[in-house]
file work.txt (compact mmCIF, N, CA and C atoms)
# COMPACT_ATOMS: atom_id res chain seq x y z
N MET A 175 1.44 1.03 3.61
CA MET A 175 1.48 0.64 2.22
C MET A 175 2.34 1.63 1.44
N ASN A 176 3.26 1.12 0.67
CA ASN A 176 4.05 1.96 -0.24
C ASN A 176 3.28 2.07 -1.54
N GLY A 177 3.28 3.25 -2.11
CA GLY A 177 2.59 3.40 -3.37
C GLY A 177 2.49 4.83 -3.80
N SER A 178 1.73 5.04 -4.87
CA SER A 178 1.57 6.40 -5.38
C SER A 178 0.15 6.61 -5.89
N LEU A 179 -0.24 7.86 -5.86
CA LEU A 179 -1.50 8.33 -6.42
C LEU A 179 -1.12 9.39 -7.44
N VAL A 180 -1.53 9.21 -8.69
CA VAL A 180 -1.20 10.15 -9.76
C VAL A 180 -2.51 10.74 -10.29
N LEU A 181 -2.60 12.06 -10.29
CA LEU A 181 -3.74 12.79 -10.84
C LEU A 181 -3.22 13.54 -12.07
N GLN A 182 -3.84 13.30 -13.22
CA GLN A 182 -3.34 13.89 -14.47
C GLN A 182 -4.49 14.49 -15.26
N ILE A 183 -4.31 15.74 -15.72
CA ILE A 183 -5.27 16.41 -16.59
C ILE A 183 -4.56 16.77 -17.89
N GLN A 184 -5.15 16.39 -19.01
CA GLN A 184 -4.67 16.79 -20.33
C GLN A 184 -5.82 17.51 -21.02
N SER A 185 -5.50 18.60 -21.73
CA SER A 185 -6.59 19.34 -22.38
C SER A 185 -6.11 20.03 -23.65
N LYS A 186 -7.09 20.58 -24.37
CA LYS A 186 -6.81 21.39 -25.56
C LYS A 186 -6.87 22.87 -25.22
N GLY A 187 -7.10 23.20 -23.95
CA GLY A 187 -7.15 24.58 -23.50
C GLY A 187 -5.76 25.13 -23.25
N LEU A 188 -5.68 26.23 -22.52
CA LEU A 188 -4.39 26.85 -22.22
C LEU A 188 -3.51 25.96 -21.35
N LEU A 189 -4.13 25.25 -20.40
CA LEU A 189 -3.38 24.33 -19.55
C LEU A 189 -3.36 22.98 -20.25
N LYS A 190 -2.24 22.66 -20.87
CA LYS A 190 -2.12 21.45 -21.69
C LYS A 190 -1.98 20.20 -20.84
N LEU A 191 -1.22 20.29 -19.73
CA LEU A 191 -0.94 19.12 -18.92
C LEU A 191 -0.73 19.55 -17.48
N LEU A 192 -1.34 18.82 -16.58
CA LEU A 192 -1.13 19.02 -15.15
C LEU A 192 -1.04 17.64 -14.51
N VAL A 193 0.07 17.36 -13.86
CA VAL A 193 0.28 16.06 -13.22
C VAL A 193 0.71 16.29 -11.78
N VAL A 194 0.03 15.61 -10.87
CA VAL A 194 0.42 15.62 -9.46
C VAL A 194 0.61 14.17 -9.06
N GLU A 195 1.80 13.84 -8.55
CA GLU A 195 2.08 12.49 -8.07
C GLU A 195 2.40 12.56 -6.59
N CYS A 196 1.62 11.82 -5.81
CA CYS A 196 1.83 11.74 -4.37
C CYS A 196 2.32 10.34 -4.04
N THR A 197 3.39 10.24 -3.27
CA THR A 197 3.92 8.95 -2.89
C THR A 197 4.08 8.88 -1.38
N SER A 198 4.05 7.67 -0.88
CA SER A 198 4.32 7.45 0.54
C SER A 198 5.36 6.34 0.66
N ASP A 199 6.06 6.31 1.77
CA ASP A 199 7.05 5.27 1.98
C ASP A 199 6.75 4.55 3.28
N VAL A 200 7.65 3.66 3.67
CA VAL A 200 7.45 2.81 4.84
C VAL A 200 7.21 3.62 6.11
N VAL A 201 7.89 4.74 6.27
CA VAL A 201 7.72 5.57 7.47
C VAL A 201 6.59 6.58 7.31
N GLN A 202 5.73 6.39 6.31
CA GLN A 202 4.54 7.20 6.09
C GLN A 202 4.82 8.68 5.85
N ARG A 203 5.94 8.98 5.22
CA ARG A 203 6.18 10.35 4.78
C ARG A 203 5.48 10.54 3.44
N LEU A 204 4.84 11.66 3.28
CA LEU A 204 4.14 11.97 2.04
C LEU A 204 4.99 12.92 1.22
N LYS A 205 5.21 12.56 -0.03
CA LYS A 205 5.97 13.40 -0.96
C LYS A 205 5.11 13.63 -2.18
N TYR A 206 5.29 14.79 -2.84
CA TYR A 206 4.53 15.03 -4.06
C TYR A 206 5.40 15.76 -5.07
N VAL A 207 5.06 15.55 -6.33
CA VAL A 207 5.72 16.21 -7.46
C VAL A 207 4.62 16.80 -8.33
N LEU A 208 4.78 18.06 -8.72
CA LEU A 208 3.81 18.76 -9.56
C LEU A 208 4.48 19.15 -10.86
N THR A 209 3.84 18.82 -11.98
CA THR A 209 4.35 19.18 -13.30
C THR A 209 3.21 19.85 -14.08
N ALA A 210 3.51 20.96 -14.74
CA ALA A 210 2.48 21.66 -15.53
C ALA A 210 3.10 22.18 -16.83
N LYS A 211 2.32 22.11 -17.90
CA LYS A 211 2.69 22.69 -19.20
C LYS A 211 1.50 23.49 -19.70
N TRP A 212 1.77 24.69 -20.20
CA TRP A 212 0.69 25.53 -20.69
C TRP A 212 1.16 26.31 -21.90
N SER A 213 0.20 26.92 -22.60
CA SER A 213 0.52 27.78 -23.74
C SER A 213 -0.23 29.09 -23.55
N GLY A 214 0.40 30.18 -23.93
CA GLY A 214 -0.25 31.48 -23.81
C GLY A 214 -0.16 32.04 -22.40
N GLU A 215 -0.86 33.13 -22.20
CA GLU A 215 -0.89 33.82 -20.91
C GLU A 215 -2.08 33.33 -20.08
N ILE A 216 -1.83 33.01 -18.84
CA ILE A 216 -2.89 32.60 -17.93
C ILE A 216 -3.14 33.74 -16.96
N GLU A 217 -4.40 34.18 -16.90
CA GLU A 217 -4.79 35.29 -16.04
C GLU A 217 -5.21 34.76 -14.66
N ASP A 218 -4.99 35.55 -13.63
CA ASP A 218 -5.40 35.16 -12.28
C ASP A 218 -6.91 34.96 -12.17
N SER A 219 -7.67 35.63 -13.01
CA SER A 219 -9.13 35.56 -12.93
C SER A 219 -9.71 34.30 -13.59
N GLN A 220 -8.91 33.56 -14.35
CA GLN A 220 -9.41 32.37 -15.05
C GLN A 220 -9.58 31.21 -14.07
N THR A 221 -10.67 30.47 -14.27
CA THR A 221 -10.92 29.30 -13.44
C THR A 221 -10.23 28.08 -14.04
N LEU A 222 -10.12 27.04 -13.25
CA LEU A 222 -9.52 25.81 -13.74
C LEU A 222 -10.32 25.26 -14.91
N PHE A 223 -11.65 25.34 -14.85
CA PHE A 223 -12.48 24.82 -15.93
C PHE A 223 -12.28 25.60 -17.23
N GLU A 224 -11.98 26.88 -17.15
CA GLU A 224 -11.68 27.67 -18.35
C GLU A 224 -10.34 27.26 -18.94
N LEU A 225 -9.41 26.84 -18.11
CA LEU A 225 -8.07 26.48 -18.57
C LEU A 225 -8.01 25.09 -19.20
N ILE A 226 -8.92 24.20 -18.81
CA ILE A 226 -8.84 22.81 -19.28
C ILE A 226 -9.96 22.48 -20.27
N GLU A 227 -10.15 23.34 -21.22
CA GLU A 227 -11.18 23.14 -22.25
C GLU A 227 -10.99 21.79 -22.95
N HIS A 228 -12.07 21.02 -23.09
CA HIS A 228 -12.05 19.70 -23.74
C HIS A 228 -10.98 18.80 -23.12
N GLY A 229 -10.94 18.77 -21.80
CA GLY A 229 -9.92 18.00 -21.11
C GLY A 229 -10.38 16.63 -20.68
N GLN A 230 -9.41 15.83 -20.28
CA GLN A 230 -9.68 14.54 -19.68
C GLN A 230 -8.84 14.41 -18.42
N PHE A 231 -9.37 13.66 -17.46
CA PHE A 231 -8.80 13.54 -16.13
C PHE A 231 -8.56 12.07 -15.85
N MET A 232 -7.33 11.71 -15.45
CA MET A 232 -7.01 10.33 -15.16
C MET A 232 -6.47 10.22 -13.74
N ILE A 233 -6.94 9.21 -13.03
CA ILE A 233 -6.47 8.90 -11.68
C ILE A 233 -5.82 7.53 -11.74
N THR A 234 -4.61 7.42 -11.19
CA THR A 234 -3.91 6.14 -11.13
C THR A 234 -3.50 5.85 -9.70
N LEU A 235 -3.84 4.66 -9.22
CA LEU A 235 -3.38 4.18 -7.92
C LEU A 235 -2.40 3.04 -8.19
N ASP A 236 -1.17 3.20 -7.74
CA ASP A 236 -0.13 2.21 -7.99
C ASP A 236 0.46 1.76 -6.66
N PRO A 237 0.21 0.52 -6.23
CA PRO A 237 0.67 0.08 -4.91
C PRO A 237 2.19 -0.07 -4.79
N LYS A 238 2.93 -0.13 -5.86
CA LYS A 238 4.40 -0.21 -5.86
C LYS A 238 4.95 -1.44 -5.12
N ASP A 239 4.10 -2.39 -4.78
CA ASP A 239 4.60 -3.58 -4.09
C ASP A 239 4.35 -4.83 -4.92
N GLY A 240 4.19 -4.64 -6.20
CA GLY A 240 3.93 -5.76 -7.09
C GLY A 240 2.46 -5.99 -7.34
N GLY A 241 1.60 -5.26 -6.64
CA GLY A 241 0.16 -5.39 -6.85
C GLY A 241 -0.28 -4.71 -8.13
N GLN A 242 -1.54 -4.93 -8.47
CA GLN A 242 -2.09 -4.36 -9.70
C GLN A 242 -2.36 -2.87 -9.55
N ALA A 243 -1.99 -2.10 -10.56
CA ALA A 243 -2.29 -0.67 -10.59
C ALA A 243 -3.72 -0.49 -11.10
N TYR A 244 -4.40 0.54 -10.60
CA TYR A 244 -5.77 0.84 -11.01
C TYR A 244 -5.79 2.21 -11.67
N LYS A 245 -6.50 2.31 -12.81
CA LYS A 245 -6.61 3.58 -13.53
C LYS A 245 -8.08 3.86 -13.84
N VAL A 246 -8.43 5.15 -13.73
CA VAL A 246 -9.77 5.60 -14.07
C VAL A 246 -9.61 6.82 -14.97
N LEU A 247 -10.33 6.86 -16.08
CA LEU A 247 -10.25 7.97 -17.03
C LEU A 247 -11.62 8.63 -17.15
N TYR A 248 -11.66 9.94 -16.97
CA TYR A 248 -12.88 10.74 -17.13
C TYR A 248 -12.69 11.66 -18.32
N ARG A 249 -13.67 11.72 -19.19
CA ARG A 249 -13.61 12.62 -20.35
C ARG A 249 -14.72 13.60 -20.29

call {"tool": "encode", "arguments": {"input": "work.txt", "output": "structure tokens"}}
result
Amino acid sequence: MNGSLVLQIQSKGLLKLLVVECTSDVVQRLKYVLTAKWSGEIEDSQTLFELIEHGQFMITLDPKDGGQAYKVLYR
């Protein structure tokens, strides 16, 4: 199956946006793209939950073959 899985976090914390898109093709190669935007200094000791204060998480499954895309939003 050709398609993509997109995991996206948006927040009001230091980590404003985090997007990971994983795609596969006909020969079953897995590719991914990571995008992040933040404000301020992020310390190594901070956890992900501290960085995504008041965040929301969205998962998208897109078959890329004309089928229906599915989205789930967690707040």

call {"tool": "atom_distance", "arguments": {"input": "work.txt", "atom1": "atom C of Lys186 (chain A)", "atom2": "CA of Asp218 (chain A)"}}
result
17.9 Å

call {"tool": "atom_distance", "arguments": {"input": "work.txt", "atom1": "atom C of Ile226 (chain A)", "atom2": "atom N of Gly187 (chain A)"}}
result
4.7 Å

call {"tool": "closest_residue", "arguments": {"input": "work.txt", "among": "A:Leu225, A:Leu247, A:Leu192, A:Ile233", "to": "Val180 (chain A)", "atoms": "all atoms listed in the file"}}
result
A:Ile233

call {"tool": "select_by_dssp", "arguments": {"input": "work.txt", "residues": "chain A", "states": "alpha helix (DSSP H)", "output": "PyMOL selection string"}}
result
chain A and resi 222-225

call {"tool": "closest_residue", "arguments": {"input": "work.txt", "among": "A:Val193, A:Leu222, A:Val246, A:Ile183", "to": "Leu208 (chain A)", "atoms": "all atoms listed in the file"}}
result
A:Val193

call {"tool": "select_by_dssp", "arguments": {"input": "work.txt", "residues": "chain A", "states": "strand (DSSP E)", "output": "PyMOL selection string"}}
result
chain A and resi 177-184+189-198+204-212+230-236+244-248

call {"tool": "residues_around", "arguments": {"input": "work.txt", "residues": "Gln230 (chain A)", "least_positions_apart": "2", "cutoff": "6 Å", "atoms": "only N, CA and C atoms", "output": "ChimeraX atom specification"}}
result
/A:182-185,228,232,248-249

call {"tool": "atom_distance", "arguments": {"input": "work.txt", "atom1": "CA of Val207 (chain A)", "atom2": "CA of Leu188 (chain A)"}}
result
20.8 Å

call {"tool": "closest_residue", "arguments": {"input": "work.txt", "among": "A:Ser213, A:Gln202, A:Lys190, A:Gly241", "to": "Glu227 (chain A)", "atoms": "only N, CA and C atoms"}}
result
A:Lys190

call {"tool": "closest_residue", "arguments": {"input": "work.txt", "among": "A:Gln242, A:Leu191, A:Gly214, A:Cys196", "to": "Ser178 (chain A)", "atoms": "only N, CA and C atoms"}}
result
A:Cys196

call {"tool": "axis_aligned_box", "arguments": {"input": "work.txt", "around": "region 219-232 of chain A", "padding_each_side": "3 Å", "output": "AutoDock Vina command-line options"}}
result
--center_x -9.5 --center_y 22.9 --center_z -18.3 --size_x 12.0 --size_y 31.4 --size_z 16.8

call {"tool": "build_atoms", "arguments": {"input": "work.txt", "residues": "region 178-189 of chain A", "atoms": "all heavy atoms", "output": "mmCIF file, in the frame of the given file"}}
result
data_model
loop_
_atom_site.group_PDB
_atom_site.id
_atom_site.type_symbol
_atom_site.label_atom_id
_atom_site.label_comp_id
_atom_site.auth_asym_id
_atom_site.auth_seq_id
_atom_site.Cartn_x
_atom_site.Cartn_y
_atom_site.Cartn_z
ATOM 1 N N SER A 178 1.730 5.040 -4.870
ATOM 2 C CA SER A 178 1.570 6.400 -5.380
ATOM 3 C C SER A 178 0.150 6.610 -5.890
ATOM 4 O O SER A 178 -0.538 5.670 -6.282
ATOM 5 C CB SER A 178 2.587 6.712 -6.475
ATOM 6 O OG SER A 178 2.328 5.945 -7.621
ATOM 7 N N LEU A 179 -0.240 7.860 -5.860
ATOM 8 C CA LEU A 179 -1.500 8.330 -6.420
ATOM 9 C C LEU A 179 -1.120 9.390 -7.440
ATOM 10 O O LEU A 179 -0.424 10.348 -7.108
ATOM 11 C CB LEU A 179 -2.389 8.942 -5.333
ATOM 12 C CG LEU A 179 -3.590 9.760 -5.805
ATOM 13 C CD1 LEU A 179 -4.605 8.846 -6.473
ATOM 14 C CD2 LEU A 179 -4.219 10.491 -4.637
ATOM 15 N N VAL A 180 -1.530 9.210 -8.690
ATOM 16 C CA VAL A 180 -1.200 10.150 -9.760
ATOM 17 C C VAL A 180 -2.510 10.740 -10.290
ATOM 18 O O VAL A 180 -3.421 9.997 -10.664
ATOM 19 C CB VAL A 180 -0.425 9.481 -10.915
ATOM 20 C CG1 VAL A 180 -0.114 10.488 -12.005
ATOM 21 C CG2 VAL A 180 0.843 8.822 -10.402
ATOM 22 N N LEU A 181 -2.600 12.060 -10.290
ATOM 23 C CA LEU A 181 -3.740 12.790 -10.840
ATOM 24 C C LEU A 181 -3.220 13.540 -12.070
ATOM 25 O O LEU A 181 -2.260 14.293 -11.975
ATOM 26 C CB LEU A 181 -4.290 13.781 -9.825
ATOM 27 C CG LEU A 181 -4.638 13.202 -8.457
ATOM 28 C CD1 LEU A 181 -4.981 14.311 -7.485
ATOM 29 C CD2 LEU A 181 -5.756 12.206 -8.567
ATOM 30 N N GLN A 182 -3.840 13.300 -13.220
ATOM 31 C CA GLN A 182 -3.340 13.890 -14.470
ATOM 32 C C GLN A 182 -4.490 14.490 -15.260
ATOM 33 O O GLN A 182 -5.529 13.859 -15.446
ATOM 34 C CB GLN A 182 -2.654 12.822 -15.303
ATOM 35 C CG GLN A 182 -2.117 13.315 -16.614
ATOM 36 C CD GLN A 182 -1.326 12.238 -17.337
ATOM 37 O OE1 GLN A 182 -0.793 11.325 -16.742
ATOM 38 N NE2 GLN A 182 -1.262 12.355 -18.643
ATOM 39 N N ILE A 183 -4.310 15.740 -15.720
ATOM 40 C CA ILE A 183 -5.270 16.410 -16.590
ATOM 41 C C ILE A 183 -4.560 16.770 -17.890
ATOM 42 O O ILE A 183 -3.485 17.366 -17.856
ATOM 43 C CB ILE A 183 -5.818 17.699 -15.938
ATOM 44 C CG1 ILE A 183 -6.599 17.365 -14.677
ATOM 45 C CG2 ILE A 183 -6.689 18.467 -16.917
ATOM 46 C CD1 ILE A 183 -7.032 18.585 -13.890
ATOM 47 N N GLN A 184 -5.150 16.390 -19.010
ATOM 48 C CA GLN A 184 -4.670 16.790 -20.330
ATOM 49 C C GLN A 184 -5.820 17.510 -21.020
ATOM 50 O O GLN A 184 -6.971 17.083 -20.910
ATOM 51 C CB GLN A 184 -4.261 15.582 -21.166
ATOM 52 C CG GLN A 184 -3.044 14.884 -20.641
ATOM 53 C CD GLN A 184 -2.677 13.681 -21.501
ATOM 54 O OE1 GLN A 184 -3.538 13.009 -22.041
ATOM 55 N NE2 GLN A 184 -1.398 13.425 -21.626
ATOM 56 N N SER A 185 -5.500 18.600 -21.730
ATOM 57 C CA SER A 185 -6.590 19.340 -22.380
ATOM 58 C C SER A 185 -6.110 20.030 -23.650
ATOM 59 O O SER A 185 -4.920 20.090 -23.936
ATOM 60 C CB SER A 185 -7.151 20.385 -21.411
ATOM 61 O OG SER A 185 -6.376 21.548 -21.397
ATOM 62 N N LYS A 186 -7.090 20.580 -24.370
ATOM 63 C CA LYS A 186 -6.810 21.390 -25.560
ATOM 64 C C LYS A 186 -6.870 22.870 -25.220
ATOM 65 O O LYS A 186 -6.715 23.702 -26.092
ATOM 66 C CB LYS A 186 -7.805 21.049 -26.662
ATOM 67 C CG LYS A 186 -7.668 19.632 -27.145
ATOM 68 C CD LYS A 186 -8.633 19.306 -28.244
ATOM 69 C CE LYS A 186 -8.434 17.855 -28.665
ATOM 70 N NZ LYS A 186 -9.326 17.463 -29.733
ATOM 71 N N GLY A 187 -7.100 23.200 -23.950
ATOM 72 C CA GLY A 187 -7.150 24.580 -23.500
ATOM 73 C C GLY A 187 -5.760 25.130 -23.250
ATOM 74 O O GLY A 187 -4.750 24.577 -23.691
ATOM 75 N N LEU A 188 -5.680 26.230 -22.520
ATOM 76 C CA LEU A 188 -4.390 26.850 -22.220
ATOM 77 C C LEU A 188 -3.510 25.960 -21.350
ATOM 78 O O LEU A 188 -2.298 25.908 -21.512
ATOM 79 C CB LEU A 188 -4.597 28.196 -21.518
ATOM 80 C CG LEU A 188 -5.166 29.325 -22.371
ATOM 81 C CD1 LEU A 188 -5.415 30.559 -21.519
ATOM 82 C CD2 LEU A 188 -4.229 29.650 -23.516
ATOM 83 N N LEU A 189 -4.130 25.250 -20.400
ATOM 84 C CA LEU A 189 -3.380 24.330 -19.550
ATOM 85 C C LEU A 189 -3.360 22.980 -20.250
ATOM 86 O O LEU A 189 -4.344 22.252 -20.289
ATOM 87 C CB LEU A 189 -4.046 24.210 -18.180
ATOM 88 C CG LEU A 189 -3.318 23.353 -17.159
ATOM 89 C CD1 LEU A 189 -1.916 23.895 -16.875
ATOM 90 C CD2 LEU A 189 -4.115 23.276 -15.879
#
